[in-house]
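Enquirer: Following this line is input01.txt, made up of compact mmCIF, C-alpha atoms:
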# COMPACT_ATOMS: atom_id res chain seq x y z
CA MET A 1175 0.00 0.00 0.00
CA ALA A 1176 2.86 2.38 0.82
CA ILE A 1177 4.50 1.79 -2.56
CA PHE A 1178 1.19 2.23 -4.39
CA LEU A 1179 0.36 5.48 -2.56
CA GLY A 1180 3.88 6.78 -3.20
CA VAL A 1181 3.77 6.07 -6.93
CA THR A 1182 0.20 7.02 -7.92
CA PRO A 1183 0.34 10.81 -7.26
CA LEU A 1184 3.61 11.10 -9.18
CA VAL A 1185 2.16 9.19 -12.13
CA ILE A 1186 -0.70 11.71 -12.28
CA ILE A 1187 1.58 14.75 -11.78
CA PHE A 1188 4.24 13.82 -14.33
CA LEU A 1189 2.29 11.80 -16.89
CA GLY A 1190 -1.14 13.41 -16.59
CA VAL A 1191 -4.58 11.80 -16.63
CA ASN A 1192 -5.08 9.81 -19.81
CA ARG A 1193 -6.13 6.35 -20.91
CA LEU A 1194 -2.67 4.91 -20.23
CA THR A 1195 -2.30 6.24 -16.68
CA LEU A 1196 -5.94 5.55 -15.79
CA SER A 1197 -5.62 1.91 -16.85
CA PHE A 1198 -2.41 1.60 -14.80
CA ILE A 1199 -4.00 3.12 -11.68
CA LEU A 1200 -7.25 1.14 -11.99
CA GLY A 1201 -5.39 -2.13 -12.53
CA GLY A 1202 -3.05 -1.34 -9.63
CA CYS A 1203 -6.01 -0.54 -7.33
CA MET A 1204 -7.54 -3.88 -8.23
CA MET A 1205 -4.38 -5.79 -7.34
CA ILE A 1206 -3.95 -3.90 -4.07
CA GLY A 1207 -7.60 -4.53 -3.18
CA ILE A 1208 -7.71 -8.29 -3.80
CA GLY A 1209 -4.24 -8.64 -2.28
CA LEU A 1210 -5.34 -6.90 0.94
CA ILE A 1211 -8.26 -9.33 1.26
CA ASP A 1212 -5.82 -12.23 0.92
CA ASP A 1213 -3.48 -10.62 3.47
CA TRP A 1214 -6.40 -10.12 5.86
CA TYR A 1215 -7.16 -13.84 5.69
CA LYS A 1216 -3.51 -14.82 6.13
CA GLY A 1217 -3.16 -12.44 9.10
CA ARG A 1218 -5.88 -14.46 10.84
CA GLY A 1219 -4.38 -17.83 10.00
CA LYS A 1220 -6.94 -18.59 7.28
CA GLU A 1221 -6.51 -19.56 3.65
CA PHE A 1222 -7.98 -17.44 0.86
CA SER A 1223 -8.90 -19.28 -2.35
CA PRO A 1224 -6.45 -18.61 -5.22
CA TRP A 1225 -9.28 -18.45 -7.78
CA PRO A 1226 -10.62 -14.96 -6.90
CA LYS A 1227 -7.03 -13.66 -7.08
CA LEU A 1228 -6.53 -15.25 -10.49
CA PHE A 1229 -9.85 -13.84 -11.72
CA PHE A 1230 -8.96 -10.28 -10.69
CA GLN A 1231 -5.48 -10.66 -12.16
CA PHE A 1232 -7.11 -11.33 -15.52
CA VAL A 1233 -9.44 -8.35 -14.98
CA ALA A 1234 -6.44 -6.09 -14.25
CA ALA A 1235 -4.70 -7.39 -17.38
CA THR A 1236 -7.88 -6.68 -19.38
CA ILE A 1237 -7.97 -3.10 -18.04
CA ILE A 1238 -4.46 -2.26 -19.22
CA PHE A 1239 -5.12 -4.07 -22.51
CA TRP A 1240 -8.11 -1.72 -22.95
CA GLY A 1241 -5.79 1.18 -22.09
CA GLY A 1242 -3.50 0.28 -24.99
CA THR A 1243 -0.82 -1.64 -23.08
CA ARG A 1244 -0.70 -4.80 -25.13
CA ILE A 1245 1.75 -7.03 -26.97
CA VAL A 1246 0.90 -6.28 -30.60
CA GLY A 1247 3.41 -8.44 -32.46
CA ILE A 1248 7.01 -9.42 -32.92
CA SER A 1249 9.68 -9.35 -35.59
CA ASP A 1250 11.89 -12.12 -36.91
CA TRP A 1251 15.11 -12.34 -34.90
CA VAL A 1252 16.36 -8.72 -35.02
CA GLY A 1253 13.78 -7.37 -37.43
CA GLU A 1254 15.41 -8.31 -40.71
CA GLY A 1255 12.49 -10.50 -41.73
CA GLY A 1256 9.81 -7.88 -41.10
CA PHE A 1257 7.28 -7.28 -38.36
CA HIS A 1258 4.40 -9.71 -37.70
CA VAL A 1259 1.27 -8.14 -36.21
CA PHE A 1260 -0.68 -10.50 -33.95
CA PRO A 1261 -4.41 -10.99 -34.54
CA PHE A 1262 -6.58 -9.63 -31.73
CA TRP A 1263 -7.01 -12.96 -29.95
CA LEU A 1264 -3.26 -13.69 -29.95
CA SER A 1265 -2.42 -10.17 -28.77
CA LEU A 1266 -4.90 -10.59 -25.89
CA LEU A 1267 -3.57 -14.06 -25.03
CA ALA A 1268 0.09 -12.94 -25.09
CA THR A 1269 -0.75 -9.94 -22.89
CA TYR A 1270 -2.68 -12.12 -20.44
CA LEU A 1271 0.15 -14.65 -20.18
CA TRP A 1272 2.77 -11.95 -19.61
CA VAL A 1273 0.83 -9.81 -17.10
CA VAL A 1274 -0.76 -12.62 -15.07
CA GLY A 1275 2.46 -14.63 -15.22
CA LEU A 1276 4.59 -11.79 -13.83
CA MET A 1277 2.14 -11.04 -11.03
CA ASN A 1278 2.33 -14.64 -9.88
CA MET A 1279 6.11 -14.77 -10.34
CA MET A 1280 6.59 -11.84 -7.96
CA ASN A 1281 4.09 -13.38 -5.55
CA PHE A 1282 5.97 -16.68 -5.67
CA ILE A 1283 9.39 -15.13 -5.00
CA ASP A 1284 8.21 -13.01 -2.05
CA GLY A 1285 9.31 -15.49 0.59
CA MET A 1286 12.26 -13.77 2.26
CA ASP A 1287 12.98 -10.33 3.68
CA GLY A 1288 14.12 -7.99 0.91
CA LEU A 1289 14.04 -10.55 -1.91
CA ALA A 1290 11.04 -9.48 -4.01
CA GLY A 1291 11.80 -5.80 -3.44
CA GLY A 1292 15.46 -6.17 -4.44
CA VAL A 1293 14.70 -8.22 -7.53
CA SER A 1294 12.02 -5.67 -8.50
CA THR A 1295 14.50 -2.81 -8.08
CA ILE A 1296 16.96 -4.49 -10.43
CA ALA A 1297 14.14 -5.12 -12.94
CA THR A 1298 12.75 -1.57 -12.87
CA LEU A 1299 16.24 -0.07 -13.21
CA THR A 1300 16.92 -2.29 -16.22
CA LEU A 1301 13.58 -1.33 -17.76
CA PHE A 1302 14.45 2.33 -17.14
CA PHE A 1303 17.63 2.04 -19.23
CA ILE A 1304 15.88 0.12 -22.00
CA ALA A 1305 12.99 2.62 -22.17
CA PHE A 1306 15.43 5.56 -22.06
CA LEU A 1307 17.55 4.15 -24.89
CA LYS A 1308 14.41 3.59 -26.97
CA GLY A 1309 13.16 7.12 -26.33
CA GLU A 1310 10.15 6.01 -24.25
CA MET A 1311 10.59 8.85 -21.77
CA ALA A 1312 7.24 8.51 -19.98
CA ILE A 1313 7.94 4.84 -19.24
CA ALA A 1314 11.54 5.64 -18.27
CA LEU A 1315 10.21 8.19 -15.77
CA LEU A 1316 7.65 5.78 -14.35
CA SER A 1317 10.35 3.09 -14.05
CA MET A 1318 12.53 5.45 -12.04
CA VAL A 1319 9.58 6.49 -9.83
CA MET A 1320 8.93 2.80 -9.10
CA THR A 1321 12.63 2.23 -8.34
CA GLY A 1322 12.61 5.07 -5.81
CA ALA A 1323 9.41 3.82 -4.15
CA ILE A 1324 10.75 0.26 -3.85
CA LEU A 1325 14.09 1.47 -2.43
CA ALA A 1326 12.24 3.48 0.23
CA PHE A 1327 10.31 0.32 1.12
CA LEU A 1328 13.48 -1.81 1.15
CA ARG A 1329 15.00 0.38 3.86
CA HIS A 1330 12.51 -1.26 6.26
CA ASN A 1331 12.26 -4.64 4.54
CA PHE A 1332 15.82 -5.96 4.82
CA HIS A 1333 16.34 -8.74 7.35
CA PRO A 1334 15.08 -8.44 10.05
CA ALA A 1335 12.15 -6.73 8.30
CA THR A 1336 9.68 -4.45 10.06
CA ILE A 1337 7.28 -4.14 7.11
CA PHE A 1338 6.28 -6.64 4.43
CA LEU A 1339 4.86 -6.62 0.91
CA GLY A 1340 2.13 -9.15 1.47
CA ASP A 1341 0.20 -10.44 -1.53
CA SER A 1342 -1.09 -6.91 -2.22
CA GLY A 1343 2.45 -5.54 -2.57
CA SER A 1344 3.99 -8.44 -4.49
CA MET A 1345 1.13 -8.59 -7.00
CA PHE A 1346 1.27 -4.81 -7.48
CA LEU A 1347 5.01 -5.02 -8.16
CA GLY A 1348 4.43 -7.81 -10.68
CA PHE A 1349 1.62 -5.83 -12.31
CA THR A 1350 3.78 -2.70 -12.56
CA ILE A 1351 6.81 -4.54 -13.98
CA ALA A 1352 4.55 -6.21 -16.57
CA PHE A 1353 3.08 -2.82 -17.51
CA LEU A 1354 6.50 -1.17 -17.79
CA SER A 1355 8.04 -4.03 -19.76
CA ILE A 1356 5.22 -4.09 -22.32
CA GLU A 1357 5.14 -0.30 -22.79
CA GLY A 1358 8.89 0.19 -22.69
CA ALA A 1359 10.32 -2.91 -24.32
CA ILE A 1360 8.01 -5.52 -25.88
CA LYS A 1361 4.84 -3.75 -27.05
CA GLY A 1362 5.90 -4.08 -30.66
CA ALA A 1363 9.32 -5.53 -30.29
CA THR A 1364 12.09 -7.36 -32.03
CA PHE A 1365 12.83 -10.88 -30.94
CA ILE A 1366 15.97 -9.55 -29.24
CA SER A 1367 13.97 -7.01 -27.20
CA VAL A 1368 11.77 -9.82 -25.89
CA MET A 1369 14.82 -11.90 -24.95
CA VAL A 1370 16.40 -8.87 -23.26
CA THR A 1371 13.26 -8.33 -21.16
CA ILE A 1372 13.09 -12.00 -20.16
CA LEU A 1373 16.76 -11.88 -19.12
CA ALA A 1374 16.13 -8.74 -17.04
CA LEU A 1375 13.47 -10.73 -15.13
CA GLY A 1376 15.60 -13.86 -14.97
CA ILE A 1377 15.32 -14.60 -11.23
CA PRO A 1378 11.50 -14.61 -10.86
CA ILE A 1379 11.02 -16.36 -14.22
CA PHE A 1380 13.52 -19.14 -13.46
CA ASP A 1381 12.17 -19.53 -9.92
CA MET A 1382 8.57 -19.89 -11.09
CA VAL A 1383 9.46 -22.38 -13.83
CA GLN A 1384 11.43 -24.67 -11.54
CA VAL A 1385 8.79 -24.42 -8.76
CA ILE A 1386 5.96 -25.38 -11.15
CA ILE A 1387 7.97 -28.31 -12.55
CA THR A 1388 8.80 -29.53 -9.01
CA ARG A 1389 5.18 -29.34 -7.84
CA LEU A 1390 3.82 -31.03 -10.96
CA LYS A 1391 6.36 -33.86 -10.60
CA GLU A 1392 5.26 -34.37 -7.00
CA GLY A 1393 1.58 -34.25 -7.94
CA ARG A 1394 0.78 -31.14 -5.88
CA PRO A 1395 -1.23 -28.04 -6.93
CA ILE A 1396 1.07 -25.35 -8.34
CA TYR A 1397 -0.45 -22.73 -6.01
CA GLN A 1398 0.27 -24.76 -2.86
CA ALA A 1399 3.09 -23.19 -0.81
CA ASP A 1400 6.20 -25.28 -0.15
CA ARG A 1401 9.97 -24.91 0.21
CA SER A 1402 10.98 -25.56 -3.40
CA HIS A 1403 11.86 -21.94 -4.20
CA LEU A 1404 15.43 -20.86 -4.98
CA HIS A 1405 15.84 -19.09 -1.64
CA HIS A 1406 14.62 -22.15 0.27
CA ARG A 1407 17.04 -24.39 -1.62
CA LEU A 1408 19.95 -22.05 -0.77
CA LEU A 1409 18.89 -21.89 2.88
CA SER A 1410 18.90 -25.69 2.99
CA LYS A 1411 22.59 -25.58 1.98
CA GLY A 1412 23.44 -23.86 5.25
CA LEU A 1413 23.49 -20.22 4.11
CA ASN A 1414 21.86 -17.53 6.22
CA GLN A 1415 19.21 -15.10 4.97
CA LYS A 1416 21.61 -12.24 4.21
CA GLN A 1417 23.94 -14.52 2.26
CA VAL A 1418 21.04 -15.92 0.22
CA ILE A 1419 19.77 -12.40 -0.55
CA MET A 1420 23.22 -11.22 -1.68
CA ILE A 1421 23.69 -14.28 -3.93
CA LEU A 1422 20.30 -13.78 -5.59
CA TYR A 1423 20.92 -10.04 -5.97
CA LEU A 1424 24.23 -10.76 -7.70
CA ILE A 1425 22.60 -13.30 -10.01
CA GLY A 1426 19.85 -10.77 -10.78
CA LEU A 1427 22.44 -8.08 -11.53
CA GLY A 1428 24.27 -10.51 -13.79
CA PHE A 1429 21.06 -11.17 -15.74
CA SER A 1430 20.38 -7.44 -15.89
CA LEU A 1431 23.83 -6.47 -17.18
CA THR A 1432 23.71 -9.28 -19.74
CA SER A 1433 20.34 -8.06 -20.98
CA LEU A 1434 21.57 -4.46 -21.31
CA LEU A 1435 24.74 -5.52 -23.15
CA LEU A 1436 22.63 -7.65 -25.50
CA PHE A 1437 20.31 -4.71 -26.12
CA LEU A 1438 23.20 -2.34 -26.82
CA PHE A 1439 24.83 -4.86 -29.13
CA PHE A 1440 21.72 -4.92 -31.33
CA GLU A 1441 20.86 -1.26 -30.70
CA GLU A 1442 21.25 0.01 -34.27
CA ARG A 1443 19.17 -2.80 -35.74
CA ASN A 1444 16.46 -2.31 -33.08
CA PHE A 1445 16.26 1.42 -33.75
CA ALA A 1446 16.14 0.81 -37.49
CA LEU A 1447 13.07 -1.37 -37.02
CA PHE A 1448 11.31 1.13 -34.74
CA SER A 1449 11.95 3.95 -37.22
CA LYS A 1450 10.17 1.90 -39.89
CA LEU A 1451 7.19 1.31 -37.59
CA THR A 1452 6.93 4.95 -36.50
CA PRO A 1453 5.29 7.33 -38.99
Would you write out, as structure tokens, the structure that this file holds?
Expert:
Amino acid sequence: MAIFLGVTPLVIIFLGVNRLTLSFILGGCMMIGIGLIDDWYKGRGKEFSPWPKLFFQFVAATIIFWGGTRIVGISDWVGEGGFHVFPFWLSLLATYLWVVGLMNMMNFIDGMDGLAGGVSTIATLTLFFIAFLKGEMAIALLSMVMTGAILAFLRHNFHPATIFLGDSGSMFLGFTIAFLSIEGAIKGATFISVMVTILALGIPIFDMVQVIITRLKEGRPIYQADRSHLHHRLLSKGLNQKQVIMILYLIGLGFSLTSLLLFLFFEERNFALFSKLTP
């Protein structure tokens, strides 16, 4: 809630009230709201069904899709083979998979003090540089606003934490990162831009994939909490919480730097494609 309240006024002040910002704020409100209900249940030792959360995640994704934040197509490799526009149904499906997937990835990884916040900071900083290099200044600004808000939160969230994200915070972070990555990097992107964005989000993506595979192998529901996450596996090796956090931060930074170097390597080809798409 603190991150959301810190970001929203600045979005309105700097980016104005328009379809893009309204869809972001409405979708964010929805994630905060359903997340707070889940947190209320958890705070009383009760379980909240995952299905209402999943339903409202799809509603939030639909809202930003309506606002124009959608994956519209992709090019061959680095754009040399032309740009392929998705039909409406595929654009909607790709947007759903990306937005809902990222919200659940951030929710999955939020299992240790400072982990989700630190990984999100690395992701939003990377998205800032990508958006800035592509000339998407509004998204670059919003990425930096999010980075500042998360850093302020992290001051109180490092081990031993005094405040926590909860489901409301982790889902809002996932929602925001999905929004920023679509608008700033993969809305109408080259294949390389998509790969760069996936690399920038390497930790939550890899964690979610290996958790789902582990739970399916063991015949358990993928939404059922367990200790198969990366941070749990590192803790089981005898590392303490601070050591685990530092290792995962370094891995995240490695993914981030790799993604930026890859983007810069193909920069001229990327910009050539965007100039063709822009009237």
Enquirer: Rank A:Ile1351, A:Ile1356, A:Val1368, A:Ile1199 by their smallest atom-to-atom distance to A:Met1280, using only C-alpha atoms, and report the top residue only.
Expert: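 Among the listed residues, A:Ile1351 lies closest to A:Met1280.
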Enquirer: Please identify all polymer residues within 10 Å of stretch 1238-1242 of chain A, counting all atoms listed in the file, omitting same-chain residues fewer than 6 positions from it, and present them as a list in words.
Expert: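 Listing them by chain and then by number gives Asn1192, Arg1193, Leu1194, Thr1195, Leu1196, Ser1197, Phe1198, Ile1199, Leu1200, Gly1201, Gly1202, Ser1265, Leu1266, Thr1269, Tyr1270, Val1273, Phe1349, Phe1353, Glu1357 and Lys1361 of chain A.
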Enquirer: When you draw a straight line from atom CA of A:Ile1425 to atom CA of A:Val1293, how long is it in Å?
Expert: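 Straight-line distance from atom CA of A:Ile1425 to atom CA of A:Val1293 works out to 9.7 Å.
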Enquirer: Tell me, in Å to one decimal, how far atom CA of A:Ala1374 is from atom CA of A:Phe1429.
Expert: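 Value for the atom CA of A:Ala1374-atom CA of A:Phe1429 distance: 5.6 Å.
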Enquirer: Between atom CA of A:Met1382 and atom CA of A:Leu1427, what distance in Å does the model show, to one decimal?
Expert: 18.2 Å
Enquirer: With distances taken over only C-alpha atoms, which of A:Val1383, A:Ala1359, A:Ile1208, A:Met1175 is nearest to A:Leu1276?
Expert: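 Under the stated criterion, the closest residue is A:Val1383.
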Enquirer: Per residue of stretch 1272-1302 of chain A within 12 Å of stretch 1332-1336 of chain A, record the nearest atom pair and its distance in Å to one decimal, counting all atoms listed in the file, with rows in chain order and ascending residue number, as JSON lines.
Expert:
{"residue": "A:Gly1285", "atom": "CA", "partner": "A:His1333", "partner_atom": "CA", "distance": 11.9}
{"residue": "A:Met1286", "atom": "CA", "partner": "A:His1333", "partner_atom": "CA", "distance": 8.2}
{"residue": "A:Asp1287", "atom": "CA", "partner": "A:His1333", "partner_atom": "CA", "distance": 5.2}
{"residue": "A:Gly1288", "atom": "CA", "partner": "A:Phe1332", "partner_atom": "CA", "distance": 4.7}
{"residue": "A:Leu1289", "atom": "CA", "partner": "A:Phe1332", "partner_atom": "CA", "distance": 8.3}
{"residue": "A:Ala1290", "atom": "CA", "partner": "A:Phe1332", "partner_atom": "CA", "distance": 10.6}
{"residue": "A:Gly1291", "atom": "CA", "partner": "A:Phe1332", "partner_atom": "CA", "distance": 9.2}
{"residue": "A:Gly1292", "atom": "CA", "partner": "A:Phe1332", "partner_atom": "CA", "distance": 9.3}
Enquirer: Within 12 Å of (26.5, -4.9, -20.9) in the file's own coordinates, which protein, DNA or RNA residues have an atom, counting all atoms listed in the file? List them as number ranges by chain.
Expert: A: 1300, 1303-1304, 1370, 1374, 1427-1441
Enquirer: As lines of an AutoDock Vina configuration file, please: the centre and edge lengths in Å, to one decimal, of an axis-aligned box enclosing every listed atom of stretch 1366-1375 of chain A with 5 Å added on each side.
Expert:
center_x = 14.3
center_y = -9.5
center_z = -22.2
size_x = 15.0
size_y = 15.0
size_z = 24.1
Enquirer: Hey, which of A:Gly1275, A:Gly1219, A:Pro1378, A:Gly1180 ends up closest to A:Ile1324? Count only C-alpha atoms.
Expert: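 Of A:Gly1275, A:Gly1219, A:Pro1378, A:Gly1180, the one nearest A:Ile1324, counting only C-alpha atoms, is A:Gly1180.
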Enquirer: Using all atoms listed in the file and a cutoff of 10 Å, can you tell me which residues are near (-6.2, -18.5, -1.8) in the file's coordinates, and write them out as a PDB file with C-alpha atoms, in the coordinates of the input?
Expert:
ATOM      1  CA  ILE A1211      -8.260  -9.330   1.260  1.00  0.00           C
ATOM      2  CA  ASP A1212      -5.820 -12.230   0.920  1.00  0.00           C
ATOM      3  CA  ASP A1213      -3.480 -10.620   3.470  1.00  0.00           C
ATOM      4  CA  TYR A1215      -7.160 -13.840   5.690  1.00  0.00           C
ATOM      5  CA  LYS A1216      -3.510 -14.820   6.130  1.00  0.00           C
ATOM      6  CA  LYS A1220      -6.940 -18.590   7.280  1.00  0.00           C
ATOM      7  CA  GLU A1221      -6.510 -19.560   3.650  1.00  0.00           C
ATOM      8  CA  PHE A1222      -7.980 -17.440   0.860  1.00  0.00           C
ATOM      9  CA  SER A1223      -8.900 -19.280  -2.350  1.00  0.00           C
ATOM     10  CA  PRO A1224      -6.450 -18.610  -5.220  1.00  0.00           C
ATOM     11  CA  TRP A1225      -9.280 -18.450  -7.780  1.00  0.00           C
ATOM     12  CA  PRO A1226     -10.620 -14.960  -6.900  1.00  0.00           C
ATOM     13  CA  LYS A1227      -7.030 -13.660  -7.080  1.00  0.00           C
ATOM     14  CA  LEU A1228      -6.530 -15.250 -10.490  1.00  0.00           C
ATOM     15  CA  TYR A1397      -0.450 -22.730  -6.010  1.00  0.00           C
ATOM     16  CA  GLN A1398       0.270 -24.760  -2.860  1.00  0.00           C
TER      17      GLN A1398
END
Enquirer: Just the residues within 7 Å of A:Leu1354, please, counting all atoms listed in the file, with nothing from its chain fewer than 4 positions along; format it as a PyMOL selection string.
Expert: chain A and resi 1313+1317+1350+1358
Enquirer: Between A:Phe1230, A:Ile1372, A:Leu1408, A:Ala1268, which is the closest to A:Met1420 once you count only C-alpha atoms?
Expert: A:Leu1408
Enquirer: For A:Gly1322, which residue out of A:Ala1176, A:Met1369, A:Ala1305, A:Val1181 is the nearest one, using all atoms listed in the file?
Expert: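 Closest residue, counting all atoms listed in the file: A:Val1181.
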Enquirer: Quick one: residues within 12 Å of A:Ile1283, all atoms listed in the file, excluding same-chain residues fewer than 4 positions away - as a ChimeraX atom specification?
Expert: /A:1276-1279,1287-1294,1339-1341,1344-1345,1347-1348,1375-1385,1399-1406,1419,1422
Enquirer: Go through A:Leu1328, A:Ile1360, A:Ile1177, A:Leu1189 one by one, measure the shortest atom-to-atom distance of each to A:Leu1315 using only C-alpha atoms, and give the residue with the smallest value.
Expert: A:Leu1189
Enquirer: Which residues are near A:Met1204? Cut-off 9 Å, all atoms listed in the file, ignore same chain within fewer than 5 positions. Put them as a PyMOL selection string.
Expert: chain A and resi 1199+1209+1230-1231+1233-1234+1346
Enquirer: Would you save the residues from that selection as a tab-separated table (two decimals), keeping the file's coordinate frame, using C-alpha atoms?
Expert:
chain	number	residue	atom	x	y	z
A	1199	ILE	CA	-4.00	3.12	-11.68
A	1209	GLY	CA	-4.24	-8.64	-2.28
A	1230	PHE	CA	-8.96	-10.28	-10.69
A	1231	GLN	CA	-5.48	-10.66	-12.16
A	1233	VAL	CA	-9.44	-8.35	-14.98
A	1234	ALA	CA	-6.44	-6.09	-14.25
A	1346	PHE	CA	1.27	-4.81	-7.48
